[in-house]
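Have a look at the structure below before the remarks.
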Amino acid sequence: MILFPAIDLKEGACVRLLRGDMDKSTQFNDDPADQARRFVAAGCTWLHVVDLDGARAGQAMNAEAVAKIVATVKVPIQLGGGVRDDGAIERWLERGVARVILGTIALRNPAFVREACKRWPERIVVAIDARGGRVAVEGWAMTSEVKALDLALKFEDSGVAAIIYTDIDRDGTLTGPNLDAIVDLAYAVTTPVIASGGVSVMADLKALKQHEAAGIVGVVCGRALYDGAINLAAAVKLLQG
């Protein structure tokens with residue numbers, strides 16, 4: 001199981017949001033590349049980067065910060081936020097991003113995701129962000145009527161590298177992940193699942209690790225790493241064990 005330290009970008013800085021609210025952000029580092037370097041030095045093998053402004057705008061808004069991260073570290077990076085067309089996917093993959101995360105477009109146009117998977121095998125990840133079990137898009141500004149599981153099932157056998165499932169109500173709260181929802185989703189689909197939202201202590205990681213057989217292949221961790229509640233090196237060792 002892989003630990004994905006989260007680097008969320010807002011106006012060029014590394015921040016964390018509370019339940020996805022852009023007005024409730026805490027800045028942790030004004031140099032995202034430095035933050036990436038610190039995470040890698042502590043032992044992470046992947047990075048999870050999101051252009052928060054881009055998710056709202058529908059296009060890259062923190063491209064310079066992302067480019068500096070890619071140039072600074074050698075571990076693979078999965079990037080999301082505002083990627084809505086072939087051109088954006090191609091540009092980021094050419095610039096050294098390992099995997100591109102599709103969120104809003106996955107809800108609006110599932111066929112586009114399936115075609116992208118054919119064109120770039122194993123390099124497309126789908127983000128399913130849920131509020132009350134329903135899919136939220138546009139940087140979590142809008143909640144649809146589509147159930148998270150229903151959307152996930154649309155990508156069965158499509159070649160999606162992974163589904164990142166985020167419980168927005170837990171994100172940034174340090175209240176623990178929605179374990180039941182994550183495990184239920186992982187058992188219901190054949191696509192590998194990456195859990196996200198609410199991880200606060202090592203016990204949360206241990207609980208997720210116990211359900212690895214369900215198809216949970218990774219965990220995105222943000223605020224708990226920044227606050228020091230979880231030691232990154234210890235977390236990596238736990239999940240890899």
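The way I read the labels, and the way they are meant: chains A, B, ... in the order of the structure tokens, residue 1 as the first residue of every chain, and ligand 1 as the first ligand shown, with later ones counted on from there.
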Who sits within 12 Å of Val201 in chain A, only C-alpha atoms, same chain under 5 positions skipped, as a short mmCIF file (atom, residue, chain, number, x, y, z; two decimals) with C-alpha atoms, in the first residue's frame:
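Output file out_33.cif follows:
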data_model
loop_
_atom_site.label_atom_id
_atom_site.label_comp_id
_atom_site.auth_asym_id
_atom_site.auth_seq_id
_atom_site.Cartn_x
_atom_site.Cartn_y
_atom_site.Cartn_z
CA THR A 173 -10.86 17.53 9.71
CA LEU A 174 -8.47 14.97 11.28
CA THR A 175 -11.53 12.99 12.40
CA GLY A 176 -10.59 9.71 10.73
CA PRO A 177 -11.50 8.30 7.31
CA LYS A 206 -3.51 0.56 10.29
CA ALA A 207 -7.29 0.27 9.85
CA LEU A 208 -7.03 0.91 6.12
CA CYS A 221 -2.52 11.97 3.65
CA GLY A 222 -2.33 15.72 4.12
CA ARG A 223 -2.94 17.70 7.27
CA ALA A 224 -1.79 14.98 9.67
CA LEU A 225 1.63 15.04 8.01
CA ASP A 227 0.76 18.98 11.76
CA GLY A 228 3.16 16.21 12.74
CA ALA A 229 0.41 13.89 14.00
CA ILE A 230 1.73 11.23 11.61
CA ASN A 231 5.42 10.58 11.02
CA LEU A 232 5.84 10.10 7.29
CA ALA A 234 6.86 5.47 10.00
CA ALA A 235 3.68 5.65 7.94
#
Please report, as a PyMOL selection string, each residue of range 14-237 of chain A to which DSSP assigns strand (DSSP E) when run on this structure's backbone.
chain A and resi 14-18+21-29+47-51+77-80+99-102+124-131+134-137+142-147+162-167+193-196+216-221
Give the answer as one residue: which of A:Leu107, A:Ala57, A:Val70, A:Ala141 has the shortest atom-to-atom distance to Met22 in chain A, using only C-alpha atoms?
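Going through A:Leu107, A:Ala57, A:Val70, A:Ala141 one by one, the smallest distance to Met22 in chain A is for A:Ala141.
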Per-residue nearest contacts range 60-119 of chain A to range 28-49 of chain A, cut-off 10 Å, using only C-alpha atoms, as a Markdown table:
| residue | atom | partner | partner_atom | distance |
| --- | --- | --- | --- | --- |
| A:Ala65 | CA | A:Pro32 | CA | 6.5 |
| A:Val66 | CA | A:Val49 | CA | 7.8 |
| A:Ala67 | CA | A:Ala33 | CA | 8.8 |
| A:Lys68 | CA | A:Ala33 | CA | 5.8 |
| A:Ile69 | CA | A:Ala33 | CA | 4.4 |
| A:Val70 | CA | A:Ala33 | CA | 8.1 |
| A:Ala71 | CA | A:Ala33 | CA | 8.4 |
| A:Thr72 | CA | A:Ala33 | CA | 6.3 |
| A:Val73 | CA | A:Arg37 | CA | 6.2 |
| A:Lys74 | CA | A:Val40 | CA | 8.5 |
| A:Val75 | CA | A:Trp46 | CA | 5.5 |
| A:Pro76 | CA | A:Trp46 | CA | 5.2 |
| A:Ile77 | CA | A:Leu47 | CA | 4.8 |
| A:Gln78 | CA | A:His48 | CA | 5.2 |
| A:Leu79 | CA | A:Val49 | CA | 4.8 |
| A:Gly80 | CA | A:Val49 | CA | 6.5 |
| A:Gly81 | CA | A:Val49 | CA | 8.5 |
| A:Val97 | CA | A:Val49 | CA | 9.9 |
| A:Ala98 | CA | A:Trp46 | CA | 9.5 |
| A:Arg99 | CA | A:His48 | CA | 9.6 |
| A:Val100 | CA | A:Val49 | CA | 9.8 |
| A:Ile101 | CA | A:Val49 | CA | 9.4 |
Dump N, CA and C atoms for the selected residues as a PDB file, in the first residue's frame?
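Saved file again.pdb follows:
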ATOM      1  N   ALA A  65       4.251  26.286 -10.153  1.00  0.00           N
ATOM      2  CA  ALA A  65       4.547  25.546  -8.931  1.00  0.00           C
ATOM      3  C   ALA A  65       4.658  24.049  -9.211  1.00  0.00           C
ATOM      4  N   VAL A  66       3.762  23.534 -10.052  1.00  0.00           N
ATOM      5  CA  VAL A  66       3.812  22.106 -10.402  1.00  0.00           C
ATOM      6  C   VAL A  66       5.116  21.794 -11.138  1.00  0.00           C
ATOM      7  N   ALA A  67       5.487  22.638 -12.074  1.00  0.00           N
ATOM      8  CA  ALA A  67       6.717  22.430 -12.846  1.00  0.00           C
ATOM      9  C   ALA A  67       7.937  22.385 -11.928  1.00  0.00           C
ATOM     10  N   LYS A  68       7.962  23.235 -10.915  1.00  0.00           N
ATOM     11  CA  LYS A  68       9.090  23.256  -9.982  1.00  0.00           C
ATOM     12  C   LYS A  68       9.138  21.986  -9.149  1.00  0.00           C
ATOM     13  N   ILE A  69       7.968  21.474  -8.781  1.00  0.00           N
ATOM     14  CA  ILE A  69       7.927  20.219  -8.029  1.00  0.00           C
ATOM     15  C   ILE A  69       8.486  19.085  -8.879  1.00  0.00           C
ATOM     16  N   VAL A  70       8.018  19.005 -10.129  1.00  0.00           N
ATOM     17  CA  VAL A  70       8.473  17.949 -11.039  1.00  0.00           C
ATOM     18  C   VAL A  70       9.983  18.020 -11.242  1.00  0.00           C
ATOM     19  N   ALA A  71      10.509  19.237 -11.344  1.00  0.00           N
ATOM     20  CA  ALA A  71      11.947  19.421 -11.568  1.00  0.00           C
ATOM     21  C   ALA A  71      12.773  19.133 -10.322  1.00  0.00           C
ATOM     22  N   THR A  72      12.137  19.206  -9.161  1.00  0.00           N
ATOM     23  CA  THR A  72      12.875  19.088  -7.896  1.00  0.00           C
ATOM     24  C   THR A  72      13.012  17.665  -7.398  1.00  0.00           C
ATOM     25  N   VAL A  73      11.975  16.859  -7.581  1.00  0.00           N
ATOM     26  CA  VAL A  73      11.999  15.500  -7.031  1.00  0.00           C
ATOM     27  C   VAL A  73      11.978  14.449  -8.131  1.00  0.00           C
ATOM     28  N   LYS A  74      12.414  13.257  -7.775  1.00  0.00           N
ATOM     29  CA  LYS A  74      12.502  12.172  -8.748  1.00  0.00           C
ATOM     30  C   LYS A  74      11.427  11.110  -8.578  1.00  0.00           C
ATOM     31  N   VAL A  75      10.597  11.241  -7.554  1.00  0.00           N
ATOM     32  CA  VAL A  75       9.523  10.259  -7.374  1.00  0.00           C
ATOM     33  C   VAL A  75       8.368  10.593  -8.318  1.00  0.00           C
ATOM     34  N   PRO A  76       7.565   9.599  -8.692  1.00  0.00           N
ATOM     35  CA  PRO A  76       6.425   9.874  -9.580  1.00  0.00           C
ATOM     36  C   PRO A  76       5.373  10.743  -8.895  1.00  0.00           C
ATOM     37  N   ILE A  77       4.692  11.543  -9.717  1.00  0.00           N
ATOM     38  CA  ILE A  77       3.689  12.487  -9.229  1.00  0.00           C
ATOM     39  C   ILE A  77       2.372  12.237  -9.950  1.00  0.00           C
ATOM     40  N   GLN A  78       1.279  12.188  -9.184  1.00  0.00           N
ATOM     41  CA  GLN A  78      -0.042  12.191  -9.800  1.00  0.00           C
ATOM     42  C   GLN A  78      -0.643  13.571  -9.558  1.00  0.00           C
ATOM     43  N   LEU A  79      -1.171  14.155 -10.642  1.00  0.00           N
ATOM     44  CA  LEU A  79      -1.614  15.548 -10.603  1.00  0.00           C
ATOM     45  C   LEU A  79      -3.064  15.692 -11.021  1.00  0.00           C
ATOM     46  N   GLY A  80      -3.821  16.480 -10.270  1.00  0.00           N
ATOM     47  CA  GLY A  80      -5.199  16.784 -10.623  1.00  0.00           C
ATOM     48  C   GLY A  80      -5.506  18.252 -10.414  1.00  0.00           C
ATOM     49  N   GLY A  81      -6.691  18.640 -10.909  1.00  0.00           N
ATOM     50  CA  GLY A  81      -7.134  20.013 -10.733  1.00  0.00           C
ATOM     51  C   GLY A  81      -7.233  20.766 -12.039  1.00  0.00           C
ATOM     52  N   VAL A  97       4.830  14.562 -15.428  1.00  0.00           N
ATOM     53  CA  VAL A  97       3.863  14.021 -14.464  1.00  0.00           C
ATOM     54  C   VAL A  97       3.597  12.555 -14.814  1.00  0.00           C
ATOM     55  N   ALA A  98       3.585  11.688 -13.805  1.00  0.00           N
ATOM     56  CA  ALA A  98       3.416  10.256 -14.058  1.00  0.00           C
ATOM     57  C   ALA A  98       1.983   9.879 -14.369  1.00  0.00           C
ATOM     58  N   ARG A  99       1.039  10.459 -13.618  1.00  0.00           N
ATOM     59  CA  ARG A  99      -0.375  10.151 -13.815  1.00  0.00           C
ATOM     60  C   ARG A  99      -1.199  11.425 -13.679  1.00  0.00           C
ATOM     61  N   VAL A 100      -2.235  11.519 -14.490  1.00  0.00           N
ATOM     62  CA  VAL A 100      -3.135  12.672 -14.447  1.00  0.00           C
ATOM     63  C   VAL A 100      -4.459  12.247 -13.831  1.00  0.00           C
ATOM     64  N   ILE A 101      -4.958  13.083 -12.924  1.00  0.00           N
ATOM     65  CA  ILE A 101      -6.204  12.800 -12.231  1.00  0.00           C
ATOM     66  C   ILE A 101      -7.351  13.559 -12.888  1.00  0.00           C
TER      67      ILE A 101
END
Restricting the calculation to only C-alpha atoms: of A:Glu64, A:Asp53, A:Glu156, A:Glu122, which residue gets closest to Asp21 in chain A?
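Closest residue, counting only C-alpha atoms: A:Asp53.
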Please give the complete set of residues from range 71-176 of chain A that DSSP, run on the backbone, assigns to helix (DSSP H, G or I), formatted as a ChimeraX atom specification.
/A:71-72,86-94,104-108,110-119,148-153
Neighbours of Arg19 in chain A within 8 Å (only C-alpha atoms; same-chain residues fewer than 3 positions away dropped), as a ChimeraX atom specification?
/A:168-173
What would the file look like if the residues just selected were written as an mmCIF file, in the first residue's frame with N, CA and C atoms?
data_model
loop_
_atom_site.group_PDB
_atom_site.id
_atom_site.type_symbol
_atom_site.label_atom_id
_atom_site.label_comp_id
_atom_site.auth_asym_id
_atom_site.auth_seq_id
_atom_site.Cartn_x
_atom_site.Cartn_y
_atom_site.Cartn_z
ATOM 1 N N ILE A 168 -15.438 14.248 1.383
ATOM 2 C CA ILE A 168 -15.227 15.683 1.602
ATOM 3 C C ILE A 168 -15.554 16.089 3.032
ATOM 4 N N ASP A 169 -16.555 15.459 3.621
ATOM 5 C CA ASP A 169 -16.958 15.818 4.977
ATOM 6 C C ASP A 169 -15.869 15.489 5.996
ATOM 7 N N ARG A 170 -14.937 14.608 5.617
ATOM 8 C CA ARG A 170 -13.836 14.257 6.521
ATOM 9 C C ARG A 170 -12.546 14.993 6.168
ATOM 10 N N ASP A 171 -12.445 15.511 4.948
ATOM 11 C CA ASP A 171 -11.183 16.049 4.455
ATOM 12 C C ASP A 171 -10.727 17.253 5.276
ATOM 13 N N GLY A 172 -9.489 17.171 5.763
ATOM 14 C CA GLY A 172 -8.914 18.269 6.520
ATOM 15 C C GLY A 172 -9.405 18.379 7.940
ATOM 16 N N THR A 173 -10.257 17.427 8.379
ATOM 17 C CA THR A 173 -10.855 17.531 9.714
ATOM 18 C C THR A 173 -10.085 16.759 10.781
#
My list of candidates is A:Leu3, A:Val160, A:Ala55, A:Ala203. Which is closest to Ala136 in chain A when distances are computed with only C-alpha atoms?
A:Ala55
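Using only C-alpha atoms, the residues found no farther than 7 Å from Met1 in chain A, other than those of its own chain fewer than 5 positions away, are Val217, Gly218, Leu239 and Gln240 of chain A.
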Just the residues within 12 Å of Asp23 in chain A, please, counting only C-alpha atoms, with nothing from its chain fewer than 4 positions along; format it as a VMD selection string.
chain A and resid 10 15 to 19 27 52 to 53 141
Closest to Ser158 in chain A among A:Ala111, A:Ile7, A:Val193, A:Ala213, using only C-alpha atoms?
A:Ala111
Find the distance between CA of Arg91 in chain A and CA of Lys118 in chain A and write it in Å to one decimal.
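Going from CA of Arg91 in chain A over to CA of Lys118 in chain A covers 17.0 Å.
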As an exercise, work out the distance from CA of Cys117 in chain A to CA of Asp129 in chain A in Å and give it to one decimal place.
19.8 Å
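Relative to CA of Gly58 in chain A, CA of Val189 in chain A is found at 28.1 Å.
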Close residues, range 147-154 of chain A itself excluded, 10 Å, only C-alpha atoms, min 2 positions apart in chain, as a VMD selection string
chain A and resid 106 to 107 110 to 111 113 to 114 126 to 136 144 to 145 156 to 158 163 to 167 181 184 to 186 188 to 191 193
